[in-house]
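Just protein_30.tsv here, TSV, C-alpha atoms and all ligand atoms:
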chain	number	residue	atom	x	y	z
A	1	MET	CA	15.78	0.14	13.53
A	2	ASN	CA	18.03	-2.85	14.01
A	3	TYR	CA	19.17	-4.55	10.87
A	4	SER	CA	19.48	-8.31	10.64
A	5	LYS	CA	21.74	-10.44	8.51
A	6	ASN	CA	18.97	-10.67	5.92
A	7	TYR	CA	18.38	-6.94	5.59
A	8	SER	CA	21.31	-4.67	6.25
A	9	ALA	CA	21.51	-0.88	6.18
A	10	MET	CA	23.21	-1.33	2.81
A	11	ASP	CA	20.33	-3.41	1.45
A	12	ARG	CA	17.97	-0.66	2.49
A	13	GLU	CA	20.12	1.97	0.78
A	14	ALA	CA	20.20	-0.05	-2.44
A	15	LEU	CA	16.45	-0.58	-2.38
A	16	MET	CA	15.87	3.12	-1.72
A	17	GLN	CA	17.96	4.05	-4.73
A	18	GLN	CA	16.08	1.69	-7.05
A	19	VAL	CA	12.79	3.12	-5.84
A	20	GLN	CA	13.95	6.73	-6.06
A	21	MET	CA	14.96	6.31	-9.73
A	22	ARG	CA	11.37	5.40	-10.59
A	23	MET	CA	9.56	8.39	-9.14
A	24	SER	CA	9.32	12.13	-8.58
A	25	GLU	CA	11.02	13.72	-5.60
A	26	LYS	CA	7.64	14.45	-4.05
A	27	ARG	CA	6.53	10.83	-4.27
A	28	PHE	CA	9.85	9.60	-2.92
A	29	LYS	CA	9.42	11.87	0.09
A	30	HIS	CA	5.98	10.32	0.60
A	31	VAL	CA	7.52	6.83	0.43
A	32	LEU	CA	10.05	7.73	3.15
A	33	GLY	CA	7.20	9.11	5.27
A	34	VAL	CA	5.29	5.86	4.84
A	35	GLU	CA	8.38	3.92	5.88
A	36	GLU	CA	8.82	6.03	9.02
A	37	MET	CA	5.18	5.50	10.02
A	38	ALA	CA	5.17	1.81	9.08
A	39	ILE	CA	8.23	1.12	11.27
A	40	LEU	CA	6.63	2.99	14.17
A	41	LEU	CA	3.44	0.92	13.87
A	42	ALA	CA	5.38	-2.32	13.35
A	43	GLU	CA	7.30	-1.71	16.59
A	44	LYS	CA	4.10	-0.92	18.43
A	45	TYR	CA	2.21	-4.00	17.17
A	46	GLY	CA	5.05	-6.53	17.17
A	47	VAL	CA	5.36	-6.88	13.39
A	48	SER	CA	8.72	-7.30	11.62
A	49	THR	CA	10.19	-3.82	11.15
A	50	GLU	CA	12.24	-5.14	8.22
A	51	LYS	CA	9.16	-6.27	6.35
A	52	ALA	CA	7.49	-2.97	7.21
A	53	SER	CA	10.48	-1.08	5.81
A	54	ILE	CA	10.67	-3.09	2.58
A	55	ALA	CA	6.91	-3.02	1.97
A	56	ALA	CA	6.75	0.73	2.66
A	57	LEU	CA	9.72	1.56	0.43
A	58	THR	CA	8.27	-0.44	-2.47
A	59	HIS	CA	4.51	0.15	-2.09
A	60	ASP	CA	4.35	2.91	-4.75
A	61	TYR	CA	7.23	1.57	-6.86
A	62	ALA	CA	5.03	1.11	-9.95
A	63	LYS	CA	2.89	4.20	-9.54
A	64	GLU	CA	4.52	6.14	-12.38
A	65	ARG	CA	4.29	3.35	-14.98
A	66	SER	CA	2.07	3.92	-18.02
A	67	ASP	CA	-1.43	2.50	-18.34
A	68	GLU	CA	-0.16	0.43	-21.29
A	69	GLU	CA	2.41	-1.28	-19.09
A	70	PHE	CA	-0.22	-2.17	-16.52
A	71	LEU	CA	-2.68	-3.46	-19.12
A	72	LEU	CA	0.03	-5.66	-20.63
A	73	GLU	CA	0.89	-7.02	-17.20
A	74	ILE	CA	-2.77	-7.74	-16.42
A	75	GLU	CA	-3.01	-9.80	-19.61
A	76	ARG	CA	0.31	-11.50	-19.06
A	77	GLN	CA	-0.53	-12.63	-15.53
A	78	ASN	CA	-4.03	-13.72	-16.48
A	79	TYR	CA	-5.56	-11.99	-13.48
A	80	PRO	CA	-8.90	-13.23	-12.22
A	81	ASP	CA	-11.62	-10.68	-13.02
A	82	GLN	CA	-9.40	-9.36	-15.77
A	83	ALA	CA	-12.21	-7.56	-17.62
A	84	MET	CA	-13.31	-5.80	-14.44
A	85	LEU	CA	-9.77	-4.91	-13.40
A	86	LYS	CA	-9.07	-3.33	-16.77
A	87	LYS	CA	-11.92	-0.86	-16.26
A	88	PHE	CA	-10.09	0.68	-13.33
A	89	GLY	CA	-6.93	2.73	-13.55
A	90	ASN	CA	-3.62	3.59	-11.98
A	91	ALA	CA	-5.13	4.15	-8.51
A	92	ILE	CA	-6.00	0.45	-8.32
A	93	TRP	CA	-3.36	-1.01	-10.63
A	94	HIS	CA	-0.27	0.47	-8.98
A	95	GLY	CA	-0.84	-1.64	-5.88
A	96	LEU	CA	-2.70	-4.70	-7.05
A	97	VAL	CA	-0.61	-5.17	-10.19
A	98	GLY	CA	2.39	-3.09	-9.07
A	99	ALA	CA	3.42	-5.89	-6.71
A	100	ASP	CA	4.32	-7.95	-9.81
A	101	PHE	CA	6.85	-5.30	-10.86
A	102	VAL	CA	8.30	-5.22	-7.36
A	103	GLU	CA	8.72	-8.98	-7.37
A	104	ARG	CA	10.24	-9.21	-10.84
A	105	GLU	CA	12.43	-6.12	-10.87
A	106	LEU	CA	13.40	-5.69	-7.23
A	107	LYS	CA	13.48	-9.43	-6.47
A	108	VAL	CA	11.22	-9.13	-3.45
A	109	HIS	CA	9.65	-12.57	-3.06
A	110	ASP	CA	8.26	-12.41	0.46
A	111	VAL	CA	4.54	-13.20	0.20
A	112	ASP	CA	3.58	-11.01	3.18
A	113	ILE	CA	5.33	-8.00	1.68
A	114	LEU	CA	3.84	-8.57	-1.79
A	115	GLU	CA	0.37	-8.95	-0.30
A	116	ALA	CA	0.76	-5.72	1.70
A	117	ILE	CA	1.73	-3.89	-1.52
A	118	ARG	CA	-1.24	-5.40	-3.39
A	119	LEU	CA	-3.74	-4.34	-0.76
A	120	HIS	CA	-2.39	-0.92	0.17
A	121	THR	CA	-5.14	1.10	-1.56
A	122	THR	CA	-8.16	-1.19	-1.27
A	123	GLY	CA	-7.57	-3.23	1.86
A	124	ALA	CA	-9.36	-6.61	2.02
A	125	ALA	CA	-11.63	-8.52	4.37
A	126	ASN	CA	-8.66	-10.58	5.49
A	127	MET	CA	-5.47	-8.66	6.05
A	128	THR	CA	-2.31	-9.49	7.95
A	129	ASP	CA	-1.10	-6.96	10.50
A	130	LEU	CA	1.63	-6.01	8.03
A	131	ALA	CA	-0.97	-5.28	5.34
A	132	LYS	CA	-3.00	-3.22	7.80
A	133	ILE	CA	0.12	-1.26	8.76
A	134	ILE	CA	1.02	-0.39	5.16
A	135	TYR	CA	-2.61	0.51	4.37
A	136	LEU	CA	-2.61	2.86	7.40
A	137	ALA	CA	0.91	4.25	7.04
A	138	ASP	CA	0.11	5.29	3.46
A	139	TYR	CA	-2.83	7.31	4.78
A	140	ILE	CA	-1.30	8.91	7.86
A	141	GLU	CA	2.41	9.36	7.05
A	142	PRO	CA	3.85	12.66	8.38
A	143	GLY	CA	3.48	14.42	5.01
A	144	ARG	CA	-0.29	13.84	4.84
A	145	ASP	CA	-2.46	16.83	5.66
A	146	PHE	CA	-6.23	16.53	5.42
A	147	PRO	CA	-9.10	17.07	7.84
A	148	GLY	CA	-9.18	14.04	10.10
A	149	VAL	CA	-5.56	12.95	9.68
A	150	GLU	CA	-4.74	13.71	13.33
A	151	GLU	CA	-7.62	11.53	14.49
A	152	ALA	CA	-6.58	8.76	12.09
A	153	ARG	CA	-3.05	8.88	13.57
A	154	ARG	CA	-4.40	8.79	17.12
A	155	ILE	CA	-6.58	5.74	16.39
A	156	ALA	CA	-3.74	3.97	14.55
A	157	LEU	CA	-1.63	4.14	17.71
A	158	MET	CA	-4.47	2.59	19.71
A	159	ASP	CA	-6.02	-0.13	17.59
A	160	LEU	CA	-5.16	-1.39	14.09
A	161	ASP	CA	-8.65	-2.64	13.18
A	162	GLN	CA	-10.37	0.54	14.34
A	163	ALA	CA	-7.89	2.57	12.33
A	164	VAL	CA	-8.54	0.45	9.23
A	165	ALA	CA	-12.27	1.06	9.77
A	166	PHE	CA	-11.76	4.83	10.11
A	167	GLU	CA	-9.63	5.04	6.97
A	168	THR	CA	-11.95	2.83	4.91
A	169	LYS	CA	-15.06	4.76	5.88
A	170	HIS	CA	-13.44	8.06	4.93
A	171	THR	CA	-11.92	6.75	1.72
A	172	LEU	CA	-15.21	5.25	0.59
A	173	SER	CA	-17.14	8.43	1.46
A	174	HIS	CA	-14.64	10.42	-0.57
A	175	LEU	CA	-14.98	8.08	-3.59
A	176	ILE	CA	-18.77	8.33	-3.45
A	177	GLU	CA	-18.68	12.11	-2.96
A	178	ASN	CA	-16.62	12.43	-6.15
A	179	GLU	CA	-18.67	9.81	-8.03
A	180	ASN	CA	-15.52	7.74	-8.52
A	181	PRO	CA	-15.73	4.02	-9.23
A	182	VAL	CA	-15.34	1.76	-6.19
A	183	TYR	CA	-13.22	-1.36	-6.57
A	184	PRO	CA	-15.06	-4.34	-5.00
A	185	LYS	CA	-12.22	-5.04	-2.58
A	186	THR	CA	-12.80	-1.64	-0.97
A	187	LEU	CA	-16.41	-2.67	-0.29
A	188	GLU	CA	-15.16	-5.97	1.09
A	189	THR	CA	-12.94	-4.02	3.52
A	190	TYR	CA	-15.86	-1.79	4.43
A	191	ASN	CA	-18.18	-4.74	5.11
A	192	ARG	CA	-15.65	-6.42	7.35
A	193	PHE	CA	-14.13	-3.52	9.26
A	194	VAL	CA	-16.83	-0.81	9.26
A	195	ALA	CA	-20.09	-2.78	9.06
A	196	GLY	CA	-18.64	-5.55	11.22
A	197	GLN	CA	-19.50	-8.52	8.98
A	198	LYS	CA	-17.67	-11.66	10.03
B	201	FE	FE	-0.15	3.94	-3.47
B	202	FE	FE	1.56	5.70	-1.21

Would you mind writing the file out in structure tokens?
Amino acid sequence: MNYSKNYSAMDREALMQQVQMRMSEKRFKHVLGVEEMAILLAEKYGVSTEKASIAALTHDYAKERSDEEFLLEIERQNYPDQAMLKKFGNAIWHGLVGADFVERELKVHDVDILEAIRLHTTGAANMTDLAKIIYLADYIEPGRDFPGVEEARRIALMDLDQAVAFETKHTLSHLIENENPVYPKTLETYNRFVAGQK
């Protein structure tokens, strides 16, 4: 990728180091895979590759924080639907609430990037192309291996919305199959992208 004045190769290196310190080697490898895929999709769909890189590198930054830390943050920020949010766990918190840690500790203030981090596991009815790209890249990065991943990759290179639909349908089916709770935003994504509600 080409680096601009605002985001140099050195900035990227520094960010990578801060992220790496906060996670296992395996997760860090995943993060680099997400970055690779996010940049590829950003180039294809005319989205800023810098924003794609920063959002990808930081999307799982908070994933290894304790539940206590997340619960404190939820109270501190006075989140809407606080009582409901507290019933969920790390799978939802690390994105939705994790963006707060990215902003405060890594000094990332770009609203598009923070929104993409927030929505990377649930999606939303309204998503920017950057948010769609991070949502997809997390699912189809080169290290992912599950039945259907090849098809998800193929669709992602053809049409962002169709790929969001494919991922959401499969994620929701998986949650239901395992009798896991479903965060309302995931249903919102389903209604918009799979069921075609406007
Ligand atoms: Fe994540
Ligand atoms: Fe991830």

Fewer than 6 positions away in the same chain doesn't count, so skip those; otherwise give me all residues within 9 Å of A:Arg12, counting all atoms listed in the file, as a PyMOL selection string. chain A and resi 53-54+57

For ligand FE 202 (chain B), the nearest of the candidates A:Met21, A:Gly46, A:Tyr79, A:Tyr139, counting all atoms listed in the file: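 Closest to ligand FE 202 (chain B) of all the choices is A:Tyr139.
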
For a quick check of understanding, using all atoms listed in the file, which of A:Val182, A:Ile113, A:Leu136, A:Ala42 has the smallest distance to ligand FE 202 (chain B)?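 Once distances to ligand FE 202 (chain B) are computed over all atoms listed in the file, the minimum belongs to A:Leu136.
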
List all protein, DNA and RNA residues that have any atom at most 8 Å from ligand FE 202 (chain B), counting only C-alpha atoms and all ligand atoms, and write the list as number ranges by chain. A: 27, 30-31, 34, 59-60, 120, 138-139

Near-ligand residues for ligand FE 201 (chain B), threshold 10 Å, all atoms listed in the file, as a PDB file with C-alpha atoms, in the frame of the given file:
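Generated file (out30.pdb):
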ATOM      1  CA  ARG A  27       6.530  10.830  -4.270  1.00  0.00           C
ATOM      2  CA  HIS A  30       5.980  10.320   0.600  1.00  0.00           C
ATOM      3  CA  VAL A  31       7.520   6.830   0.430  1.00  0.00           C
ATOM      4  CA  ALA A  56       6.750   0.730   2.660  1.00  0.00           C
ATOM      5  CA  THR A  58       8.270  -0.440  -2.470  1.00  0.00           C
ATOM      6  CA  HIS A  59       4.510   0.150  -2.090  1.00  0.00           C
ATOM      7  CA  ASP A  60       4.350   2.910  -4.750  1.00  0.00           C
ATOM      8  CA  TYR A  61       7.230   1.570  -6.860  1.00  0.00           C
ATOM      9  CA  ALA A  62       5.030   1.110  -9.950  1.00  0.00           C
ATOM     10  CA  LYS A  63       2.890   4.200  -9.540  1.00  0.00           C
ATOM     11  CA  ASN A  90      -3.620   3.590 -11.980  1.00  0.00           C
ATOM     12  CA  ALA A  91      -5.130   4.150  -8.510  1.00  0.00           C
ATOM     13  CA  ILE A  92      -6.000   0.450  -8.320  1.00  0.00           C
ATOM     14  CA  TRP A  93      -3.360  -1.010 -10.630  1.00  0.00           C
ATOM     15  CA  HIS A  94      -0.270   0.470  -8.980  1.00  0.00           C
ATOM     16  CA  GLY A  95      -0.840  -1.640  -5.880  1.00  0.00           C
ATOM     17  CA  LEU A  96      -2.700  -4.700  -7.050  1.00  0.00           C
ATOM     18  CA  GLY A  98       2.390  -3.090  -9.070  1.00  0.00           C
ATOM     19  CA  ILE A 117       1.730  -3.890  -1.520  1.00  0.00           C
ATOM     20  CA  ARG A 118      -1.240  -5.400  -3.390  1.00  0.00           C
ATOM     21  CA  LEU A 119      -3.740  -4.340  -0.760  1.00  0.00           C
ATOM     22  CA  HIS A 120      -2.390  -0.920   0.170  1.00  0.00           C
ATOM     23  CA  THR A 121      -5.140   1.100  -1.560  1.00  0.00           C
ATOM     24  CA  THR A 122      -8.160  -1.190  -1.270  1.00  0.00           C
ATOM     25  CA  ILE A 134       1.020  -0.390   5.160  1.00  0.00           C
ATOM     26  CA  TYR A 135      -2.610   0.510   4.370  1.00  0.00           C
ATOM     27  CA  ASP A 138       0.110   5.290   3.460  1.00  0.00           C
ATOM     28  CA  TYR A 139      -2.830   7.310   4.780  1.00  0.00           C
TER      29      TYR A 139
END

Choose the residue, out of A:Ser66, A:Asn180, A:Gln197, A:Thr189, that has the smallest atom-to-atom separation from A:Lys132; count all atoms listed in the file. A:Thr189

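Take atom CA of A:Asp159 and atom CA of A:Val111: the distance between them is 24.2 Å.
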